[in-house]
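Below is one structure, written out as structure tokens, with a few remarks after it.
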Amino acid sequence: MKPHRLTYNEPGWLDTLAAWVLALLWILPLAYAVWTAFHPAEFSTRFALAAPLTLDNFARAWAAAPFARYFLNTTLLVGMILAVQLVLATLAAFAFARYDFRGKNVAFALVLVQLMIMPDILLVENYKSMARLGLVDTLVAIGLPYFASAFAIFLLRQTFMGIPKELDEAARVEGASALQTLWRVYVPLARPVYTAFALVSVSFHWNNFLWPLIITNSVNARPLTVGLQVFSSVDQGVDWSVITAATLMTSAPLLIAFLLFQRQFVQSFMRAGIK
Amino acid sequence: QVPVEVQFYYPVAVGGPIAKTIDGFAEGFMKENPGIKVTPIYAGTYQETIVKALTAHKSGTPPVTSVLLSTDMFTLIDEDAVVPFDNFIKTDDDKAWLAGFYKAFMMNSQTGGKTWGIPFQRSTVVMYWNKEAFKEAGLDPNKPPTNWAELKDAATKLTKKDASGKVTQWGVQIPSSGFPYWLFQTLTTPNDAILANDAGTQVKFDDPKVIDALQTWVDLGKAGIHPPGVVEWGTTPKDFFERKAAIIYTTTGNLTNIKANAKFDFGVGMIPGNKRKGSPTGGGNFYIFKKSTPAQQEAAFKFAKWVTQPERAAQWSMDTGYVAVSQAAYDTPTLKKYGADFPPALVARDQLPVSVAEFSTHDNQRVTKALNDGLQAALTGTKTPAQAMKDSQQEADRILRSYK
Amino acid sequence: MSSIELAGVAKHWGDAAALHAVDLRIASGSFCVLLGPSGCGKSTTLRIIAGLEIPSTGKVIIDGQDVTGLPPAKRGIAMVFQNYALFPHLSVADNITFGLSVRGMPAAEQAMRLGQTAELLGLGALLQRKPSQLSGGQQQRVALGRALVAQAKVCLMDEPLSNLDAQLRQEMRRELRDLQRQLGLTVVYVTHDQTEAMSMADQVVLLNKGRVEQAGTPRELYARPASTFAARFIGTPPMNLVALDSGRIAGSDVVVGVGGASLGVRPESIAIGTDGIPAVVQDVEYLGADMVLRCAIGSETLLVRADGQRHCEAGERVGLRWADADAHAFDGDGRRIA
Amino acid sequence: MSSIELAGVAKHWGDAAALHAVDLRIASGSFCVLLGPSGCGKSTTLRIIAGLEIPSTGKVIIDGQDVTGLPPAKRGIAMVFQNYALFPHLSVADNITFGLSVRGMPAAEQAMRLGQTAELLGLGALLQRKPSQLSGGQQQRVALGRALVAQAKVCLMDEPLSNLDAQLRQEMRRELRDLQRQLGLTVVYVTHDQTEAMSMADQVVLLNKGRVEQAGTPRELYARPASTFAARFIGTPPMNLVALDSGRIAGSDVVVGVGGASLGVRPESIAIGTDGIPAVVQDVEYLGADMVLRCAIGSETLLVRADGQRHCEAGERVGLRWADADAHAFDGDGRRIA
Amino acid sequence: MTSGSHPSRQAVHAWLMLLPALVLLVAFTHWPAVSTLVDSFFSTPKGARPSVWAGLENYEVMAGDPVFWKAVRNNLAFAAATIPFSIGLALAMALWVNERIAGRAFLRMAYFTPTVLPMIAVANIWLFFYTPQYGLLEQITGALGLPSHNWLGSPATALGAVTVVAIWKEAGFFMIFYLAALQTMNPSLREAAAIEGASRWYFFRRVQWPLLMPTTLFVLVNAFINAFRMVDHLFVLTRGGPDNASTLLLYHLYEVGFSFWDTGYAAAITVVLIVVLAGIALFQFFVLDKKTHYQ
Ligand SMILES: Nc1ncnc2c1ncn2[C@@H]1O[C@H](COP(=O)(O)OP(=O)(O)OP(=O)(O)O)[C@@H](O)[C@H]1O
Ligand SMILES: Nc1ncnc2c1ncn2[C@@H]1O[C@H](COP(=O)(O)OP(=O)(O)OP(=O)(O)O)[C@@H](O)[C@H]1O
Ligand SMILES: [Mg+2]
Ligand SMILES: [Mg+2]
């Protein structure tokens, strides 16, 4: 038999098996959601092959809130947050990774502290700030506290520190300014990490709930999860059919986006061209 | 003239397109009252709604009115967030309107001689039973247990086990996650115990009648006819549909849900009594927030009054499964017809005369948690009922010390 | 035009010293080759001139201006890195034009310069490839292209041809030299290839353990090595250094006409024949055009370069001869005598 | 003992072909040098032997066993990568002993081997450094050390000495050759340095654009180049190829004694004097030991190697002469005639 | 910066780059956090009773609060399980899907689903998994003939059940960062290791793992912090019950802050939580950062 691939860097069958077992476990909730959403309620706990398919649950879920508008808002929201986060975090991470200056450690510690502070704890204070700024009930208000992301700064700092210094030097010898070097060398080389962060940030803000609920009032400024929340109130007991339908409906764009963007995780050959 | 704007927060606690009904109310109201602009704002669950309302209140921009749990009354008073309705009750019509609400609902809406909340989406705990299971067990499907002895007896017969001795159907199931105290009241009330005084400053958890009630609950589990440990509230209706529980205690708010999903004939009945009959009420009231202008408050009052008029209350009841808040609502032709077609819808109303207030005190959530912890400790067997209630009492006394 | 001067430049990393107080003057428009054994500090010197390392002490002066604290981008230099440092995410074309586009040169002019450079380096067919898709020598040529395209006044090259085959190398040398002359560039060039050093340099700077051992024109270094180190370092095979024992070749009674501790004679200066100083061939290395014989005289051995076509076997007895002018004398410290 | 055989090995990347059906036999215990211009497929060949690339077609046979699908670890080889591929986080010592510790060799023996190797390569003082703290040549020596310490039966080396100075290089060559003989290693060695190829190889394989142009002993390649490509590629300066116009040197009436489309004469085979074929010196390149003259005959030019001490100026008229045995004839396709 | 320009100019540039992020951080994180710190020394204002200086009273209350200590113990157990498991699994997942494994795109998505799905919904699905009698777990254990168990409703298993959900969520989340880091690794190192005959495990241990340290440091700090601030699923699954068996610190904090509205006490818990977390996380960072190989 003729080998077409290099066997030395491939996982063996044992790894493949383990990976698949783990993946099946991991996807179980999603698989369950798919099952339940497409079947009538009585099959939400019974897995019979002959169960009839239905789109009823989706129809019910769709009708419960102005989802079309919410989709629009959410898309604008996550787009805005991601864009600002990336810009701010890139600049800050670059400063931390490649500059030496007094107070660097203190500044970095201050940034890290944000990781420990749960945004919900600051609800009242931040509400006050937004009220003062006259931003209550706007998309900007939802995003503002998240614009400076310690998570992103930390992540990018780690990545930038790992970028070969040779390339930085080469860019500078070629006359690139610090910002040009950042933009033309660091950012493209960190692409897999940017992809990772983008996926995570978008997912997080797509699903973030409490702060948007509190700070917004009108349909025009509210994200999807507020619509989704209608189904999670359990006064009447859990109605898995409609919850899962709503979940699939709201998460489908994310899942599709992930499937598209996971291809971005390709070998970046960061050290190719360096001897 | 600029219309008076009234922001109105409301929670959605039951499934379905509630928001549309609320929007419909607001529109209807505005048509009749052109000087007022009501903006309904969906604010999540009850818990999220109060977080949102109080966060806004603390920032100086609360809604004008909001529907919040009736048990939040003391919390809202303590936070100095709301104003009593008494200021707005001026005409005879107003007085008649106020007097029209069921007494049981007003218990959680008044304290210190003042009315702080107006009943809106209210409920009570009732019992649902599976008629088919009754038949299989040789019980009369149309004669549900009416007291503890009968309940125990029926539950014993209804409990089914498979060959390996594993229970496949529990006789009775009373959920105990989240807010066990509320379900517990379906046991303490029949045992003729009231957990808190009207002023919300004193609780009686270590009352022998309370301990006895808890013992009864624990004993159901020990007898193997009630699921062990803490029973999830959220899955209880499903357990019922799946015939894993033949009798369940849950809110009247579940009626629509059970009606739609139970694939068998079922009955709805009053909570079985012991020394007396009875069940707690629950659900939400209208409150008016203090930090709004008098004109807004007045407008909010008008809105609350308008929404609780019999026709609207009747419609709300049918849309949501909640109990209509006044007798007048039940006297409307629509609800009458609905009740005639679907008699279980009237059980809650019929139980109201013997119903009691939902447990509520000052520093309500904290005291409630003390009780909940005790209940769960007893139900999971980590403490005896007596010990559990004694601990809870101690904790509650400590918390309430400063309110005396 | 840009002259370069290093004044007392030293560089330490912790305890390790890479350069000890180097003084150096490179005339504007000249071609200066840095030569020296591996690890002697050539790259460090280049990197200090480029501004990529800050000297521990000393100053760097370009065109009369002290640039010691100036960032690389402001020094008007181009550089070929020893390790290439190509941008892995950019195509060959983008790598080469990186500096041009950074400086905002119009696209048309960039394209033109790119075309010229690519043709010069034989990279025309590879412009769309990424560095990871190139062979080692192709990568090196891209690195060279990136430095050449800028036509900066000062060009620093760190072994820019080390991975090219002889032929291409030869061509490149010529092209580089032409370009340098034509544009009047000041080039500082590191190489370990002596032929390269000899054929290209206006000035050769020989470094040894972080110190300048000798600096001068190629001919000077070849003809009058300042020390045994310089003598042995330049020339392949290197100059023979024969220990002298009071005027005689050690272990023999052959008298040579010079004093000092050792005598140096280049292998190519030795004529082989039947008469002259008697020696025994110990070993023959065949090198194509010629061959190198190892011959013993007393306790010393000498390498002798001879014509490759000649036949010679180990064990043969031969006679060696050299002109007086080809004999170099060194003292006990290895310094040249007179 | 391990012989290596490539049978019809080709390698494509998409459209780009790096190797076209290469057949090659390397005897066990021999020293084989791969030679060829930049980008001709030397590294690719090496990587295919190593098992780092899978050939698009063809088979790799080591020691009679088809290893085409075998992972590198199972082939019993060691390799020096052209780009070193040092582990950046490991010290020099750990880099060198990486393979030994993989195989669970006792620490004492590892230390011993490390000591030997480090001494051989002059890395003794640098064992605790990280690769980023080394000079280019030092890094290369670490890469070499990592391959040598294993004493694998087959050793693949991709330009292992390209960044070393001439002297060290010379030493290393000798050491490598000794080691190879002593341990009976089969070495496949890529170099662009002809002297290296000539002095070290048992067999030289000349690659051109992914094809084997000629394979044989160094002498064979030098003395009887199979094509104009081989003729021009081997030898510095390369063989002169003079276009013939019906037996005469193009643009002149000089008759040469051979037929074919072109005549090849090596620069070092040409004697320069006053008589012989008249030519004009156009250019002089000084190379230390000798110099290279560019001389014109008719419309053709020839390079001539002469003694470096001799004086010669552009414009001088000289006479050139070569032996008949030194004249090579090639046909229109560049193939050797007879 | 290795190269040339004047140190003070460098500093100015660096601070300019930090400025936008720092301004927002200060405005929406540090400033409110400081006001929390101040609040913790005051009593909780209750309507008519304004807040007054209370000194350390809130901290004393905390020291005497059994639920707090229960939450501390639970949280330590929770952290001890989630941190190693989620990092270990994340790493294994990333190593798998970094390579050419069969069904790679699917595997990647499967591992990433916890991050994509909203926690409210997911918690409800897990609720079904854990439901006695007909829940998924029960259906499986039932098929194997094991006895029925009330996973969330009994104190012995509630915390464990909640921990499993957290690991499920975290591992998939961190996987993505490991994957990204693996993709930037130099492929020739794998080749060099393959030549030397290193097994996959050996290669991982000696090469990949040390080179992943920057990411591990990042993941570790985050895993550590998340262990003390992951609560979403508790709201649906157990609400800290039964009898606080699964209460975690942040859940307790939520109860105090948003159910009891005891802002003074909540502030005190917040301050302690932040100070302890920050102390440990920064310690981790600054110690490990020095030992990390970055390029
Ligand atoms: N990944 C790749 N994709 C496409 N082409 C490639 C790739 N890798 C190498 N090549 C091409 O294959 C040819 C042979 O490459 P190889 O590295 O074997 O050359 P080489 O003989 O080692 O040259 P050098 O002496 O310059 O190192 C080159 O033309 C190169 O551009
Ligand atoms: N970061 C560093 N830390 C410590 N020592 C270093 C560092 N970088 C270089 N060195 C040492 O400084 C000396 C000079 O290095 P340099 O790179 O200048 O040598 P080089 O002359 O270019 O050698 P080569 O010809 O091998 O490239 C070497 O001995 C090297 O080990
Ligand atoms: Mg160097
Ligand atoms: Mg190569």
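Chain lettering (A, B, ...) mirrors the order of the structure tokens, residue numbering begins at 1 for each chain separately, and ligand numbering begins at 1 in order of display.
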Please, which residues have at least one atom within 9 Å of an atom of ligand 4, using only C-alpha atoms and all ligand atoms, listed as a PyMOL selection string? (chain C and resi 134-138+163) or (chain D and resi 38-44+46+81-83+158-159+190-191)
Skipping near chain neighbours, those fewer than 4 positions away, what residues fall within 12 Å of Ser246 of chain E using only C-alpha atoms, listed as a PyMOL selection string? (chain B and resi 373) or (chain E and resi 67-68+70-78+151-163+231+233-235+237-242+250-252)
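Overlaying chain D onto chain C with least squares across the full set of in-order Cα pairs produces an RMSD of 0.1 Å.
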Distance filter 6 Å, only C-alpha atoms, chain A against chain B, as a PyMOL selection string: chain A and resi 64+124+128+214+217+233-238
When you look at His13 of chain E with a cut-off of 10 Å (counting only C-alpha atoms), what residues show up, excluding the ones that are within fewer than 6 positions of it in the same chain? I need them as a PyMOL selection string. (chain A and resi 95+99+101+178) or (chain E and resi 7+19)
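Residues with any atom within 7 Å of segment 159-173 of chain A, counting only C-alpha atoms and excluding same-chain neighbours fewer than 2 positions away, are Phe94, Ala97, Leu155, Leu156, Arg157, Gly175, Ala176, Ser177, Thr181, Tyr186 and Ala190 of chain A; Leu52, Pro72, Ala73, Ile77, Ala78, Met79, Ala85, Leu86 and Phe87 of chain C; Tyr294 and Gln295 of chain E.
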Keeping only N, CA and C atoms, write the selected residues to a file as a PDB file, in the first residue's frame.
ATOM      1  N   PHE A  94       0.957  44.800  22.654  1.00  0.00           N
ATOM      2  CA  PHE A  94       2.232  45.099  22.003  1.00  0.00           C
ATOM      3  C   PHE A  94       3.130  45.882  22.963  1.00  0.00           C
ATOM      4  N   ALA A  97       4.403  43.483  25.486  1.00  0.00           N
ATOM      5  CA  ALA A  97       5.280  42.419  25.001  1.00  0.00           C
ATOM      6  C   ALA A  97       6.627  42.949  24.536  1.00  0.00           C
ATOM      7  N   LEU A 155      -3.840  37.452  26.473  1.00  0.00           N
ATOM      8  CA  LEU A 155      -3.664  36.445  25.423  1.00  0.00           C
ATOM      9  C   LEU A 155      -2.705  36.938  24.332  1.00  0.00           C
ATOM     10  N   LEU A 156      -2.932  38.147  23.876  1.00  0.00           N
ATOM     11  CA  LEU A 156      -2.102  38.665  22.791  1.00  0.00           C
ATOM     12  C   LEU A 156      -0.687  38.945  23.271  1.00  0.00           C
ATOM     13  N   ARG A 157      -0.579  39.374  24.500  1.00  0.00           N
ATOM     14  CA  ARG A 157       0.768  39.589  25.027  1.00  0.00           C
ATOM     15  C   ARG A 157       1.552  38.273  24.972  1.00  0.00           C
ATOM     16  N   GLY A 175      12.786  49.916   7.988  1.00  0.00           N
ATOM     17  CA  GLY A 175      12.249  51.263   8.144  1.00  0.00           C
ATOM     18  C   GLY A 175      10.842  51.321   8.667  1.00  0.00           C
ATOM     19  N   ALA A 176      10.312  50.179   9.123  1.00  0.00           N
ATOM     20  CA  ALA A 176       8.940  50.196   9.619  1.00  0.00           C
ATOM     21  C   ALA A 176       8.896  50.829  11.007  1.00  0.00           C
ATOM     22  N   SER A 177       7.889  51.652  11.240  1.00  0.00           N
ATOM     23  CA  SER A 177       7.708  52.216  12.569  1.00  0.00           C
ATOM     24  C   SER A 177       7.116  51.133  13.463  1.00  0.00           C
ATOM     25  N   THR A 181       5.235  47.859  12.203  1.00  0.00           N
ATOM     26  CA  THR A 181       5.714  46.519  12.548  1.00  0.00           C
ATOM     27  C   THR A 181       4.589  45.715  13.168  1.00  0.00           C
ATOM     28  N   TYR A 186       3.353  41.525  13.393  1.00  0.00           N
ATOM     29  CA  TYR A 186       2.789  40.839  14.569  1.00  0.00           C
ATOM     30  C   TYR A 186       1.375  40.350  14.324  1.00  0.00           C
ATOM     31  N   ALA A 190       0.034  36.425  14.269  1.00  0.00           N
ATOM     32  CA  ALA A 190      -0.769  35.938  15.391  1.00  0.00           C
ATOM     33  C   ALA A 190      -2.155  35.512  14.927  1.00  0.00           C
TER      34      ALA A 190
ATOM     35  N   LEU C  52      20.513  47.272  16.037  1.00  0.00           N
ATOM     36  CA  LEU C  52      19.702  46.195  16.610  1.00  0.00           C
ATOM     37  C   LEU C  52      20.203  45.788  17.984  1.00  0.00           C
ATOM     38  N   PRO C  72      16.945  51.611  14.325  1.00  0.00           N
ATOM     39  CA  PRO C  72      17.432  51.123  13.026  1.00  0.00           C
ATOM     40  C   PRO C  72      16.751  51.829  11.863  1.00  0.00           C
ATOM     41  N   ALA C  73      15.463  52.083  12.015  1.00  0.00           N
ATOM     42  CA  ALA C  73      14.714  52.650  10.899  1.00  0.00           C
ATOM     43  C   ALA C  73      15.250  54.004  10.497  1.00  0.00           C
ATOM     44  N   ILE C  77      19.758  52.280   6.579  1.00  0.00           N
ATOM     45  CA  ILE C  77      20.542  51.102   6.242  1.00  0.00           C
ATOM     46  C   ILE C  77      19.641  50.016   5.680  1.00  0.00           C
ATOM     47  N   ALA C  78      20.259  49.048   5.027  1.00  0.00           N
ATOM     48  CA  ALA C  78      19.565  47.829   4.669  1.00  0.00           C
ATOM     49  C   ALA C  78      20.410  46.699   5.217  1.00  0.00           C
ATOM     50  N   MET C  79      19.784  45.552   5.425  1.00  0.00           N
ATOM     51  CA  MET C  79      20.567  44.485   6.042  1.00  0.00           C
ATOM     52  C   MET C  79      20.103  43.115   5.560  1.00  0.00           C
ATOM     53  N   ALA C  85      15.621  35.905   8.335  1.00  0.00           N
ATOM     54  CA  ALA C  85      14.508  36.654   8.930  1.00  0.00           C
ATOM     55  C   ALA C  85      13.499  37.106   7.884  1.00  0.00           C
ATOM     56  N   LEU C  86      13.078  36.173   7.064  1.00  0.00           N
ATOM     57  CA  LEU C  86      12.016  36.490   6.105  1.00  0.00           C
ATOM     58  C   LEU C  86      10.678  36.510   6.822  1.00  0.00           C
ATOM     59  N   PHE C  87       9.759  37.296   6.291  1.00  0.00           N
ATOM     60  CA  PHE C  87       8.425  37.324   6.885  1.00  0.00           C
ATOM     61  C   PHE C  87       7.652  36.115   6.366  1.00  0.00           C
TER      62      PHE C  87
ATOM     63  N   TYR E 294       9.729  32.100  25.769  1.00  0.00           N
ATOM     64  CA  TYR E 294       8.788  32.764  24.869  1.00  0.00           C
ATOM     65  C   TYR E 294       9.101  32.617  23.402  1.00  0.00           C
ATOM     66  N   GLN E 295      10.344  32.468  23.025  1.00  0.00           N
ATOM     67  CA  GLN E 295      10.543  32.280  21.592  1.00  0.00           C
ATOM     68  C   GLN E 295      11.739  31.410  21.302  1.00  0.00           C
TER      69      GLN E 295
END
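Comparing the minimum interatomic distances between ligand 3 and each of C:Leu207, C:Ala152, C:Ala108, C:Met198, counting only C-alpha atoms and all ligand atoms, we find that C:Leu207 sits nearest.
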Which polymer residues have any atom within 9 Å of an atom of Ala7 of chain D, counting only C-alpha atoms, with same-chain residues fewer than 2 positions away left out, as an mmCIF file with all heavy atoms, in the first residue's frame?
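For reference, part-v2.cif as written:
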data_model
loop_
_atom_site.group_PDB
_atom_site.id
_atom_site.type_symbol
_atom_site.label_atom_id
_atom_site.label_comp_id
_atom_site.auth_asym_id
_atom_site.auth_seq_id
_atom_site.Cartn_x
_atom_site.Cartn_y
_atom_site.Cartn_z
ATOM 1 N N GLU D 5 18.864 3.335 -1.560
ATOM 2 C CA GLU D 5 18.517 3.340 -2.966
ATOM 3 C C GLU D 5 17.227 4.134 -3.171
ATOM 4 O O GLU D 5 16.262 3.971 -2.438
ATOM 5 C CB GLU D 5 18.317 1.900 -3.439
ATOM 6 C CG GLU D 5 18.206 1.814 -4.945
ATOM 7 C CD GLU D 5 18.013 0.383 -5.406
ATOM 8 O OE1 GLU D 5 18.394 -0.550 -4.673
ATOM 9 O OE2 GLU D 5 17.448 0.211 -6.493
ATOM 10 N N VAL D 9 12.083 8.104 -7.748
ATOM 11 C CA VAL D 9 11.481 9.001 -6.778
ATOM 12 C C VAL D 9 11.194 10.372 -7.406
ATOM 13 O O VAL D 9 12.082 11.011 -7.962
ATOM 14 C CB VAL D 9 12.397 9.178 -5.557
ATOM 15 C CG1 VAL D 9 11.950 10.359 -4.720
ATOM 16 C CG2 VAL D 9 12.395 7.909 -4.720
ATOM 17 N N ALA D 21 11.499 11.688 -11.068
ATOM 18 C CA ALA D 21 11.978 10.311 -11.168
ATOM 19 C C ALA D 21 13.486 10.162 -10.979
ATOM 20 O O ALA D 21 14.228 9.879 -11.912
ATOM 21 C CB ALA D 21 11.557 9.720 -12.513
ATOM 22 N N VAL D 22 13.924 10.337 -9.771
ATOM 23 C CA VAL D 22 15.351 10.207 -9.483
ATOM 24 C C VAL D 22 15.679 8.755 -9.134
ATOM 25 O O VAL D 22 14.994 8.143 -8.322
ATOM 26 C CB VAL D 22 15.730 11.134 -8.308
ATOM 27 C CG1 VAL D 22 17.089 10.770 -7.747
ATOM 28 C CG2 VAL D 22 15.684 12.582 -8.751
ATOM 29 N N ASP D 23 16.702 8.219 -9.785
ATOM 30 C CA ASP D 23 17.223 6.900 -9.413
ATOM 31 C C ASP D 23 18.619 7.099 -8.857
ATOM 32 O O ASP D 23 19.431 7.814 -9.445
ATOM 33 C CB ASP D 23 17.303 5.984 -10.642
ATOM 34 C CG ASP D 23 15.919 5.637 -11.130
ATOM 35 O OD1 ASP D 23 15.179 4.985 -10.378
ATOM 36 O OD2 ASP D 23 15.582 6.060 -12.255
ATOM 37 N N LEU D 24 18.870 6.435 -7.748
ATOM 38 C CA LEU D 24 20.119 6.718 -7.066
ATOM 39 C C LEU D 24 20.472 5.524 -6.204
ATOM 40 O O LEU D 24 19.605 4.880 -5.637
ATOM 41 C CB LEU D 24 19.904 7.952 -6.183
ATOM 42 C CG LEU D 24 21.133 8.625 -5.622
ATOM 43 C CD1 LEU D 24 21.992 9.146 -6.770
ATOM 44 C CD2 LEU D 24 20.682 9.794 -4.757
ATOM 45 N N ARG D 25 21.763 5.207 -6.138
ATOM 46 C CA ARG D 25 22.219 4.088 -5.338
ATOM 47 C C ARG D 25 23.402 4.587 -4.532
ATOM 48 O O ARG D 25 24.370 5.082 -5.098
ATOM 49 C CB ARG D 25 22.707 2.991 -6.270
ATOM 50 C CG ARG D 25 22.206 1.633 -6.005
ATOM 51 C CD ARG D 25 22.699 0.774 -7.153
ATOM 52 N NE ARG D 25 21.610 0.451 -8.041
ATOM 53 C CZ ARG D 25 20.813 -0.617 -7.847
ATOM 54 N NH1 ARG D 25 20.999 -1.396 -6.814
ATOM 55 N NH2 ARG D 25 19.837 -0.873 -8.696
ATOM 56 N N GLY D 58 7.522 6.563 -6.578
ATOM 57 C CA GLY D 58 8.832 5.983 -6.354
ATOM 58 C C GLY D 58 9.011 5.407 -4.968
ATOM 59 O O GLY D 58 8.149 5.545 -4.113
ATOM 60 N N LYS D 59 10.154 4.744 -4.796
ATOM 61 C CA LYS D 59 10.409 4.035 -3.558
ATOM 62 C C LYS D 59 11.746 4.410 -2.961
ATOM 63 O O LYS D 59 12.688 4.747 -3.671
ATOM 64 C CB LYS D 59 10.410 2.519 -3.822
ATOM 65 C CG LYS D 59 9.016 1.957 -3.994
ATOM 66 C CD LYS D 59 9.029 0.445 -3.890
ATOM 67 C CE LYS D 59 9.713 -0.172 -5.093
ATOM 68 N NZ LYS D 59 9.536 -1.632 -5.126
ATOM 69 N N VAL D 60 11.817 4.346 -1.668
ATOM 70 C CA VAL D 60 13.077 4.543 -0.969
ATOM 71 C C VAL D 60 13.436 3.204 -0.333
ATOM 72 O O VAL D 60 12.607 2.614 0.366
ATOM 73 C CB VAL D 60 12.941 5.610 0.126
ATOM 74 C CG1 VAL D 60 14.267 5.788 0.842
ATOM 75 C CG2 VAL D 60 12.448 6.923 -0.453
ATOM 76 N N ILE D 61 14.630 2.749 -0.608
ATOM 77 C CA ILE D 61 15.027 1.447 -0.071
ATOM 78 C C ILE D 61 16.292 1.636 0.743
ATOM 79 O O ILE D 61 17.309 2.122 0.239
ATOM 80 C CB ILE D 61 15.269 0.448 -1.224
ATOM 81 C CG1 ILE D 61 13.930 0.206 -1.931
ATOM 82 C CG2 ILE D 61 15.831 -0.860 -0.701
ATOM 83 C CD1 ILE D 61 14.085 -0.247 -3.355
#
Find the nearest atom pair between each residue of chain A and ligand 1 for residues within 12 Å, count only C-alpha atoms and all ligand atoms, give distances in Å to one decimal, sort rows by chain and ascending number, and present the table as a Markdown table.
| residue | atom | partner | partner_atom_place_in_ligand_line | distance |
| --- | --- | --- | --- | --- |
| A:Phe269 | CA | ligand 1 | 1 (N) | 11.2 |
| A:Ala272 | CA | ligand 1 | 1 (N) | 10.7 |
| A:Gly273 | CA | ligand 1 | 8 (N) | 11.7 |
| A:Lys275 | CA | ligand 1 | 27 (O) | 11.7 |
Quick one: everything within 6 Å of Ile288 of chain B, counting only C-alpha atoms, minus sequence neighbours fewer than 3 positions away in the same chain. Send it as an MDAnalysis selection string. chainID B and resid 64:65 82:83
Write the residues you've just listed into a file as a CSV table (one decimal), in the first residue's frame, and include all heavy atoms for each of them.
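New file part21.csv:
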chain,number,residue,atom,x,y,z
B,64,VAL,N,-41.3,53.4,36.7
B,64,VAL,CA,-42.4,54.0,37.4
B,64,VAL,C,-43.2,52.9,38.2
B,64,VAL,O,-43.5,53.0,39.3
B,64,VAL,CB,-43.4,54.8,36.5
B,64,VAL,CG1,-44.5,55.4,37.4
B,64,VAL,CG2,-42.6,55.9,35.8
B,65,THR,N,-43.4,51.8,37.4
B,65,THR,CA,-44.0,50.7,38.1
B,65,THR,C,-43.4,49.4,37.6
B,65,THR,O,-42.8,49.3,36.5
B,65,THR,CB,-45.5,50.7,37.8
B,65,THR,OG1,-46.2,49.6,38.4
B,65,THR,CG2,-45.8,50.6,36.3
B,82,VAL,N,-40.4,51.9,47.1
B,82,VAL,CA,-41.8,51.9,46.6
B,82,VAL,C,-42.7,52.8,47.5
B,82,VAL,O,-42.3,53.1,48.6
B,82,VAL,CB,-42.4,50.5,46.5
B,82,VAL,CG1,-41.7,49.7,45.5
B,82,VAL,CG2,-42.4,49.8,47.9
B,83,VAL,N,-43.8,53.2,47.0
B,83,VAL,CA,-44.8,54.0,47.7
B,83,VAL,C,-46.0,53.2,47.9
B,83,VAL,O,-46.4,52.3,47.0
B,83,VAL,CB,-45.1,55.3,47.0
B,83,VAL,CG1,-43.9,56.2,47.1
B,83,VAL,CG2,-45.6,55.1,45.6
